[in-house]
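Engineer: Can you keep this structure in mind? I'll have questions shortly.
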Amino acid sequence: MKKTRSGKIALFLFLGLATNAGMAPFLYAQEAKGWGPIWQQRMTIGQAQLDEAYKLAESGKSSEALAQIDSVIAANPRNWRAHFLKAAVLTLLKRQNDAVQQIDISIDLAKKARVSGDLLAQMYESKSRTCADIGRYEDAKHSLEAAYRLQPKDPTTLNDLAWLLATSPNGRLRNGRRAVTFAQRSCALTNWNNAFSIDTLAAAYAAAGDFPRAVEFQQRAIGALDPKDRAVQLPGMKSRLQLYSSRHAYVSS
C-alpha cells in the first residue's frame, strides 16, 4: 500500500477521528482515508471511557488505553466502535494480527448495526492497510475489493487497489492491466491533478509493460506534486522514474 504519511501519523489521524464527533474531514484522496471519518457519529455507550482511552493512547499510554477500551467492550460487546478503536491501539502496540482480528469483529458488528456503505468501506480500507503493513497482501486485496464494491467511485479506494495490483511483493496478485483501469478512474475522479493518483497510474503502466507511458505519467506525477509534499515524495518518485526509464517495474518493499 502506498504510504503518503508515516504510519504513526496516519494512525493518530485515525485515533483523532475515532473519538471526536463533528470534525470536518481533512484527509485528502490518496492519503490515509482508510482511517477516515468513521467515528463522526457520537457513541452513545462508553463515550466518556473511549474519549479517555484516546487521550491515553495519544499520550503514549497504549496499555492503559487498551484496558479502558476492554472495560467498555466488557460492558457492551456489541459496540463496534470500541472494537475498532481497540484495533488502532493494538497497532500502536505492534500487535497488527490482533488488530486485524478486532477490525473483523468491528466490521461484523457494524454490518449488523446497518451502518452506511461509506462507513463500512472505510473500515475495509483500514483493514487493508493493516494487512499490507504485515505482509498479508491477499487479505489486503480482498478488503480493498470489498471497499470497492461498496464505493466503486471512491478515488482513494481505486488508487489503493491499483497500487496493490501494480506493485505487490506477492507476484500472484500483480495485474498490470487491471491496475491501469483502476488508476485511470482514480485520476479522472481527481481531475488529473492528484500527484499520488498519477504516480499510481505510472506504476500500473510499468507493471503492464508499457514503459513509455510509465515514464510519461511519472514525470507528470512529479510535476503535480504539491510543494508541501515534495521533500517527502520526490525522492521516491524520481527513483521510480529511473526504474521505468530502464524498463523495470516497481515492486513495493
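Chain labels A, B, ... are given in the sequence in which chains occur in the C-alpha cells; within each chain residues are numbered consecutively from 1, and ligands are likewise numbered from 1 in the order shown.
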Show me, as a list of chain:residue names, the residues that have an atom within 8 Å of Ala99 (chain A) when counting only C-alpha atoms, minus same-chain residues fewer than 4 positions from it.

Structural biologist: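 Near Ala99 (chain A), the qualifying residues are A:Lys86, A:Ala87, A:Ala88, A:Val89, A:Leu90, A:Thr91, A:Arg95, A:Ile103, A:Thr130.
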
Engineer: Now that the selection is made, can you save its residues with N, CA and C atoms as an mmCIF file, in the first residue's frame?

Structural biologist:
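Below is the file again_4.cif, written as the result:
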data_model
loop_
_atom_site.group_PDB
_atom_site.id
_atom_site.type_symbol
_atom_site.label_atom_id
_atom_site.label_comp_id
_atom_site.auth_asym_id
_atom_site.auth_seq_id
_atom_site.Cartn_x
_atom_site.Cartn_y
_atom_site.Cartn_z
ATOM 1 N N LYS A 86 -9.994 -0.270 19.524
ATOM 2 C CA LYS A 86 -9.049 -1.234 20.084
ATOM 3 C C LYS A 86 -8.054 -1.672 19.010
ATOM 4 N N ALA A 87 -8.530 -1.834 17.791
ATOM 5 C CA ALA A 87 -7.634 -2.206 16.700
ATOM 6 C C ALA A 87 -6.536 -1.165 16.507
ATOM 7 N N ALA A 88 -6.908 0.103 16.593
ATOM 8 C CA ALA A 88 -5.916 1.170 16.421
ATOM 9 C C ALA A 88 -4.863 1.125 17.517
ATOM 10 N N VAL A 89 -5.303 0.900 18.750
ATOM 11 C CA VAL A 89 -4.348 0.861 19.859
ATOM 12 C C VAL A 89 -3.455 -0.373 19.749
ATOM 13 N N LEU A 90 -4.022 -1.490 19.339
ATOM 14 C CA LEU A 90 -3.211 -2.691 19.136
ATOM 15 C C LEU A 90 -2.147 -2.466 18.063
ATOM 16 N N THR A 91 -2.483 -1.658 17.074
ATOM 17 C CA THR A 91 -1.493 -1.327 16.044
ATOM 18 C C THR A 91 -0.351 -0.523 16.657
ATOM 19 N N ARG A 95 0.864 -5.005 17.507
ATOM 20 C CA ARG A 95 0.133 -6.271 17.525
ATOM 21 C C ARG A 95 -0.870 -6.258 16.365
ATOM 22 N N ILE A 103 -10.616 -5.578 13.939
ATOM 23 C CA ILE A 103 -11.303 -4.909 12.827
ATOM 24 C C ILE A 103 -12.380 -5.827 12.259
ATOM 25 N N THR A 130 -3.717 -2.240 7.342
ATOM 26 C CA THR A 130 -3.103 -3.003 8.424
ATOM 27 C C THR A 130 -2.562 -4.324 7.898
#

Engineer: Quick one: pick out all helix (DSSP H, G or I) residues within region 49-85 of chain A from a backbone DSSP run and write them as a VMD selection string.

Structural biologist: chain A and resid 49 to 58 62 to 75 80 to 85

Engineer: Please, what distance in Å, to one decimal, runs between CA of Asn170 (chain A) and CA of Pro212 (chain A)?

Structural biologist: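 CA of Pro212 (chain A) lies 24.6 Å from CA of Asn170 (chain A).
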
Engineer: With distances taken over only C-alpha atoms, which of A:Asp139, A:Ala166, A:Phe84, A:Leu92 is nearest to Ser59 (chain A)?

Structural biologist: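 Answer, going by the shortest atom-to-atom distance: A:Leu92.
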
Engineer: Quick one, how far is CA of Trp192 (chain A) from CA of Leu241 (chain A)?

Structural biologist: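 Atom-to-atom, CA of Trp192 (chain A) and CA of Leu241 (chain A) are spaced 18.6 Å apart.
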
Engineer: Quick one: everything within 8 Å of Lys153 (chain A), counting only C-alpha atoms, minus sequence neighbours fewer than 3 positions away in the same chain. Send it as a VMD selection string.

Structural biologist: chain A and resid 148 158 185 189

Engineer: Any chance you can output those residues with C-alpha atoms as a PDB file, in the first residue's frame?

Structural biologist:
ATOM      1  CA  TYR A 148     -14.580  -1.058  -3.953  1.00  0.00           C
ATOM      2  CA  LEU A 158      -9.434   2.915  -6.578  1.00  0.00           C
ATOM      3  CA  ARG A 185     -10.556   6.010 -12.842  1.00  0.00           C
ATOM      4  CA  LEU A 189     -12.139  11.386 -10.315  1.00  0.00           C
TER       5      LEU A 189
END

Engineer: For Arg177 (chain A), please output as a list of chain:residue names all residues within 8 Å (counting only C-alpha atoms; exclusion window: fewer than 2 positions along the same chain).

Structural biologist: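 After dropping sequence-adjacent residues, the list is A:Asn175, A:Ala179, A:Val180, A:Thr181, A:Ala204, A:Tyr205, A:Ala207, A:Ala208.
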
Engineer: Can you work out which one of A:Ala162, A:Ala140, A:Val251, A:Leu243 has the shortest atom-to-atom distance to Val100 (chain A), counting only C-alpha atoms?

Structural biologist: A:Ala140

Engineer: Determine the nearest neighbour of Ala195 (chain A) from the options A:Ala132, A:Leu85, A:Met237, A:Ala75, counting only C-alpha atoms.

Structural biologist: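 Of A:Ala132, A:Leu85, A:Met237, A:Ala75, the one nearest Ala195 (chain A), counting only C-alpha atoms, is A:Met237.
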